[in-house]
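The next block holds one structure in the form of C-alpha cells; read it before the comments.
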Amino acid sequence: MFDNVNGVELTVFTILFIAVSVLGFVAARWRRADDLEHLDEWGLGGRNFGSWITWFLIGGDLYTAYTFVAVPALVFGAGAIGFFAVPYTIVVYPMLFLVLIRLWSVSHVHGFVTPADFVRARHGSSTLALLIAITGIVATMPYIALQLVGIEAVLKAMGVTGHVPIIVAFAILAAYTYNSGLRAPALIAFVKDALIYVVIIIAVIVIPYKLGGWDAIFGAAEKKFDASPNPGDGVVLAGPAQLQYATLAFGSALALFLYPHSVTAVLASRDRNVIKRNMAALPAYSFVLGLLALLGYMAVKAGVVPIGADPEAGVPGDGNTIVPLLFDQMFPSWFAGVAFAAIGIGALVPAAIMSIAAANLWTRNIYVEYINKNATPKQEAKSSKLASLVVKAGALVAIIALDPEFSIDLQLIGGIIILQTLPAVAIGLYTRWFHRWALIAGWAAGMAVGFWATYQIQQKVFTSPTEFTVKKEHFGGSAFPLEKLGFDTTYTIYAGFLAIVVNLIVCVVATLVFRALKAPEGEDATKTSEYFADQDDPRLRDLPEVVH
Amino acid sequence: MVDDVPESTRQTERSDRSPWNWLLLVPLIATLIPPFYNRLQPDLFGIPFFYWYQLAAIAIGVSTTLVVYRITRR
C-alpha cells in the first residue's frame, strides 16, 4: 500500500487533512444555534450565511475536486473542447441572477429546504415533487462518488494505493458532517479555497517560467494535436465541435443550479443581496478554473505520462492523474503536498454539501411525504443525518465495488437528467402556465431522449483522420452526432440540450391537450408577492394563523 | 415618497423588473458564439486568442452583473 511513497508529500497532506477534520467537528459550535436538531440548522446552517461565507461555500461547492482533475485532463487529451468550463461558468451567474433570488424569496417565506419542496407547493402535485426529488438524488449520488476519484488521483500520485486511505477519509468526513451539518463544509471551504488560490496562482507563474513560457507550452500542444490522428482535437475547436462547445457550456450552466447541492448553498444565505453580490463575485473561481484548465497544456509540454498509460501501445491511462503528476514533477515535495491537500480537501467540501442535499431530499420529499407525515423537526433532522451517512456509504461502495468508469458515466448522465427538472423548477418560478401533468410528461420524454442519445454515443480511438476503432460502444461522451437524426452534417450537439428541447416541446403540447381535456389544475400554495420577499419579511411559520 | 405608501401596497408593487436586467445578456452573447473567438491570433504573451479572450470575458461577466446589482439594489 505504501511502496514508493513520497514521505514529505504524504506528511504535509496528512497534517492538513487532519487539521480540516478537526475544523469540521468544531464547526458545530460556530455561529452556534440554540438547537441543532432542526433541518434549518443542520441542513441549511441556520439560513443565515452572509456574503463572505456564501462566496466560499458556493465556490467550494461548485468547483469540486473532480473538476480540478478532470478539466485539465480533458484539455490534456482533447485540447480546446476542455476549455468549455470557462464559458460555462461565465454564463451561469448572469443567467441565474434573477432566477435564484426568486427561489430564495419563496423558499424563505414557506421554509422550503429542497427544490422539490417548491415544486410540491407551486404545482400542487406530490407525484411531480417525488420525481424531482428522485432525479435530484440519482444525479447527486455519482457526483459524490466522483469526489472520491479526485482524492484517489492525488493518492496515486503520492504513491499510495489500495482502498483503505479512501475509506478512512470518507469515514471522517461522514462523522463530522453528521455532527455539524452544513456548518462543517462552510468552515472548511475557507481553508480549501485559500489553498486552491495559493496553489494555482503559484503554479501558473512558476510552471510556465520553468517550461520556457506560454509560447513553448502552446507550441508543444499544437505539435501533439497535429501528430494525433483524431480530427476532433486541437488548440482551437474543430469546426463541427463548435456547436457542441456552445450547447455544452449553455446546457451545463442551466443544469448547475438545478443540482440540489447548489440550491442548498443558495438557500443557506441570509438575504437576496447576499445572492446578488455572489453572482457578481463567484466568477473569480471561473478565472482559477480557466488557469487550471491550462495546466493540461503545461502537462503536455512537461511530457507528463498519465499513470497506467502506454503511449507506444496507444493506452491513454488515467488522465485524472496528470495534474497531480505535474505538481509532483515541478514543485518541491512540501509544496506538492500542499497542492495535493488542496485537491483532497477540495473533494470534502462538495461531498459534504451534496450528501446533505441528497439527505434533505430524502427527508422532506420521501420520508415526511410518505413514511412519517407528522414528523417533528427533530425527527426530520435525525432522518437527514442518518441519510447523509447512507448516501456517503453508497458512494464509497460505488467506487470500490464497481468500476469507477460506471460513476463517470452516471455523472455524465446526471447532468443531463437534472436538466430535465428545468421546466418544473426554474420555469415554474416564473409561470404556472405548464399543466402539472404536462410537466411530468415532459420530464419523462426528456429523460428518455437523454438516455437514448447518450446510449448512441460511441467513444472512438482514431487510427487515422477517417478511420477509428470503437473503444466504448455506449455512453462514450456527451457529444451527440446530429447525423443520427437524419441531418447531413458532422456537427455534434450536447445530448442534454437535445433532451431539454424535447422536454419543453412535450410540456407545451401536453399542456394544450390537458387544458382542452379540462384536466384538474392543482392548487398553487404560493403568492406572487412571495417571490420578492426579503429577509425582513415574515416567514409563514412565524405567522400566528398557521401555527398548529 | 416611498414612506407615504402603506405597507400593503408596497408589498404588491415590489418587482425585479428593470431595463438594466438586459445587460445580463451581454456575457452570454460574448461567450456562447464560438465563431467569434475560435482562432489563434492575435495572441497575448504567447497565449492564443481563444484562451485569453475567454479569460477576459470573465471580466465582462463580473462587470455587467455588478452593474445590474448596484443599480437595482433597493
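All residue names refer to the C-alpha cells as shown: chains lettered A, B, ... in order, residues numbered from 1 in each chain, ligands numbered from 1 in order.
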As a ChimeraX atom specification, please: the residues near region 31-37 of chain B (cut-off 12 Å, only C-alpha atoms, same-chain neighbours under 3 positions excluded). /A:80-81,83-92,236-251,253 /B:25-28,40-43,48-61
Which residues are near region 57-74 of chain A? Cut-off 8 Å, only C-alpha atoms, ignore same chain within fewer than 2 positions. Put them as a ChimeraX atom specification. /A:53-55,76-79,81-83,85,146-147,149-151,153,185-186,189-190,192-193,261-262,265-266,282,285,289,292-297,319-323,343-347,349-350,353
If you count only C-alpha atoms, which residues fall within 8 Å of region 221-230 of chain A, apart from same-chain ones fewer than 2 positions away, as a list in words? Ala78, Gly79, Ile217, Phe218, Gly219, Gly232, Asp233, Gly234, Val235, Tyr297, Val300, Lys301, Val461, Phe462, Thr463, Ser464 and Pro465 of chain A
Resulting file, chosen residues, C-alpha atoms, as a PDB file, in the first residue's frame:
ATOM      1  CA  ALA A  78      -8.519  16.724 -26.450  1.00  0.00           C
ATOM      2  CA  GLY A  79      -7.498  20.387 -26.274  1.00  0.00           C
ATOM      3  CA  ILE A 217       3.620  25.397 -23.918  1.00  0.00           C
ATOM      4  CA  PHE A 218       1.095  26.065 -26.687  1.00  0.00           C
ATOM      5  CA  GLY A 219       3.690  25.106 -29.308  1.00  0.00           C
ATOM      6  CA  GLY A 232     -11.628  16.401 -33.174  1.00  0.00           C
ATOM      7  CA  ASP A 233      -8.720  17.583 -31.032  1.00  0.00           C
ATOM      8  CA  GLY A 234      -6.680  20.761 -31.338  1.00  0.00           C
ATOM      9  CA  VAL A 235      -5.650  24.021 -29.690  1.00  0.00           C
ATOM     10  CA  TYR A 297      -1.194  22.017 -21.788  1.00  0.00           C
ATOM     11  CA  VAL A 300       1.806  18.196 -22.437  1.00  0.00           C
ATOM     12  CA  LYS A 301       4.902  20.397 -22.603  1.00  0.00           C
ATOM     13  CA  VAL A 461      -9.963   5.888 -30.904  1.00  0.00           C
ATOM     14  CA  PHE A 462      -8.698   7.245 -34.202  1.00  0.00           C
ATOM     15  CA  THR A 463      -6.010   5.429 -36.121  1.00  0.00           C
ATOM     16  CA  SER A 464      -6.135   7.954 -38.986  1.00  0.00           C
ATOM     17  CA  PRO A 465      -8.328  11.055 -39.524  1.00  0.00           C
TER      18      PRO A 465
END
Residues within 9 Å of Asp215 (chain A), only C-alpha atoms, excluding chain neighbours under 6 positions, as a PDB file with C-alpha atoms, in the first residue's frame:
ATOM      1  CA  PHE B  45       2.173  36.644 -24.229  1.00  0.00           C
ATOM      2  CA  GLY B  46       2.076  33.502 -26.363  1.00  0.00           C
ATOM      3  CA  ILE B  47      -1.469  32.589 -25.254  1.00  0.00           C
ATOM      4  CA  PRO B  48      -3.768  32.068 -28.284  1.00  0.00           C
TER       5      PRO B  48
END
Can you measure CA of Val390 (chain A) to CA of Trp362 (chain A) for me? One decimal in Å is fine. 10.9 Å
So, counting only C-alpha atoms, which residue among A:Glu523, A:Asp537, A:Asp40, A:Glu405 is closest to chain B? A:Asp537
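Distance annotation: of A:Pro142, A:Gly24, A:Gly124, A:Pro538, the residue with the minimal separation from chain B is A:Pro538; atom set is only C-alpha atoms.
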Close residues, region 170-173 of chain A itself excluded, 12 Å, only C-alpha atoms, min 2 positions apart in chain, as a PyMOL selection string: chain A and resi 17-25+144-145+147-148+151-152+163-168+175-181+184-185+188+344-345+347-353+355-356+388-397+399
Take the residues that were just selected and, keeping C-alpha atoms, output them as a PDB file, in the first residue's frame.
ATOM      1  CA  PHE A  17      -6.218  16.769   6.200  1.00  0.00           C
ATOM      2  CA  ILE A  18      -6.313  16.226   9.972  1.00  0.00           C
ATOM      3  CA  ALA A  19      -6.441  19.991  10.576  1.00  0.00           C
ATOM      4  CA  VAL A  20      -9.571  20.430   8.458  1.00  0.00           C
ATOM      5  CA  SER A  21     -11.155  17.364  10.037  1.00  0.00           C
ATOM      6  CA  VAL A  22     -10.781  18.986  13.457  1.00  0.00           C
ATOM      7  CA  LEU A  23     -12.280  22.137  11.954  1.00  0.00           C
ATOM      8  CA  GLY A  24     -15.209  20.063  10.701  1.00  0.00           C
ATOM      9  CA  PHE A  25     -16.053  18.883  14.199  1.00  0.00           C
ATOM     10  CA  ILE A 144     -20.314  12.323  -4.667  1.00  0.00           C
ATOM     11  CA  ALA A 145     -18.627   9.157  -5.876  1.00  0.00           C
ATOM     12  CA  GLN A 147     -15.150  13.285  -5.484  1.00  0.00           C
ATOM     13  CA  LEU A 148     -13.524  10.058  -4.338  1.00  0.00           C
ATOM     14  CA  ILE A 151      -8.884  12.065  -3.859  1.00  0.00           C
ATOM     15  CA  GLU A 152      -7.749   8.807  -5.413  1.00  0.00           C
ATOM     16  CA  HIS A 163      -8.756   1.475  -0.769  1.00  0.00           C
ATOM     17  CA  VAL A 164      -8.060   1.831   2.957  1.00  0.00           C
ATOM     18  CA  PRO A 165      -6.994   5.525   2.874  1.00  0.00           C
ATOM     19  CA  ILE A 166     -10.150   6.488   0.973  1.00  0.00           C
ATOM     20  CA  ILE A 167     -12.365   4.593   3.398  1.00  0.00           C
ATOM     21  CA  VAL A 168     -10.705   6.336   6.347  1.00  0.00           C
ATOM     22  CA  ALA A 175     -18.656  11.698  11.030  1.00  0.00           C
ATOM     23  CA  TYR A 176     -18.237  15.453  11.044  1.00  0.00           C
ATOM     24  CA  THR A 177     -20.994  16.037   8.502  1.00  0.00           C
ATOM     25  CA  TYR A 178     -23.299  14.013  10.755  1.00  0.00           C
ATOM     26  CA  ASN A 179     -22.164  16.048  13.722  1.00  0.00           C
ATOM     27  CA  SER A 180     -22.066  19.591  12.323  1.00  0.00           C
ATOM     28  CA  GLY A 181     -24.252  19.628   9.206  1.00  0.00           C
ATOM     29  CA  ALA A 184     -18.749  21.891   8.546  1.00  0.00           C
ATOM     30  CA  PRO A 185     -18.266  22.357   4.784  1.00  0.00           C
ATOM     31  CA  ILE A 188     -13.696  24.024   5.721  1.00  0.00           C
ATOM     32  CA  GLY A 344      -8.090  16.365  -1.440  1.00  0.00           C
ATOM     33  CA  ILE A 345      -9.803  18.912   0.809  1.00  0.00           C
ATOM     34  CA  ALA A 347     -13.239  16.878  -2.515  1.00  0.00           C
ATOM     35  CA  LEU A 348     -14.517  17.034   1.062  1.00  0.00           C
ATOM     36  CA  VAL A 349     -16.484  20.273   0.806  1.00  0.00           C
ATOM     37  CA  PRO A 350     -18.710  19.341  -2.149  1.00  0.00           C
ATOM     38  CA  ALA A 351     -19.042  15.750  -0.969  1.00  0.00           C
ATOM     39  CA  ALA A 352     -20.385  17.003   2.365  1.00  0.00           C
ATOM     40  CA  ILE A 353     -22.811  19.504   0.806  1.00  0.00           C
ATOM     41  CA  SER A 355     -24.704  14.368   0.834  1.00  0.00           C
ATOM     42  CA  ILE A 356     -26.598  16.933   2.929  1.00  0.00           C
ATOM     43  CA  SER A 388     -26.276  11.554   4.816  1.00  0.00           C
ATOM     44  CA  LEU A 389     -24.360   8.555   6.171  1.00  0.00           C
ATOM     45  CA  VAL A 390     -26.172   6.152   3.849  1.00  0.00           C
ATOM     46  CA  VAL A 391     -25.532   8.367   0.823  1.00  0.00           C
ATOM     47  CA  LYS A 392     -21.796   8.521   1.534  1.00  0.00           C
ATOM     48  CA  ALA A 393     -21.578   4.791   2.173  1.00  0.00           C
ATOM     49  CA  GLY A 394     -23.316   4.246  -1.159  1.00  0.00           C
ATOM     50  CA  ALA A 395     -20.822   6.455  -2.969  1.00  0.00           C
ATOM     51  CA  LEU A 396     -17.934   4.586  -1.344  1.00  0.00           C
ATOM     52  CA  VAL A 397     -19.311   1.220  -2.395  1.00  0.00           C
ATOM     53  CA  ILE A 399     -16.195   3.452  -6.251  1.00  0.00           C
TER      54      ILE A 399
END
Just the residues within 10 Å of Gly308 (chain A), please, counting only C-alpha atoms, with nothing from its chain fewer than 3 positions along; format it as a tab-separated table (two decimals) with C-alpha atoms, in the first residue's frame.
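What follows is the written file out-v1.tsv:
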chain	number	residue	atom	x	y	z
A	305	VAL	CA	2.64	10.44	-18.84
A	311	PRO	CA	1.91	5.72	-25.35
A	315	VAL	CA	-3.18	3.11	-23.97
A	316	PRO	CA	-4.25	6.51	-22.57
A	317	GLY	CA	-4.04	5.59	-18.86
A	318	ASP	CA	-5.68	7.53	-16.03
A	319	GLY	CA	-5.84	11.10	-17.38
A	321	THR	CA	-3.50	11.86	-12.62
One decimal, Å: what's the distance from CA of Ala357 (chain A) over to CA of Trp104 (chain A), could you say? 15.6 Å
As a check of understanding: the span from CA of Gln456 (chain A) to CA of Gly476 (chain A) is 8.3 Å
Using only C-alpha atoms, the residue out of A:Gln420, A:Gln329, A:Ser478, A:Ser529 with shortest distance to chain B is A:Ser529
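The smallest atom-to-atom distance between chain A and any of B:Ala30, B:Leu44, B:Leu23, B:Val62, using only C-alpha atoms, is found for B:Val62.
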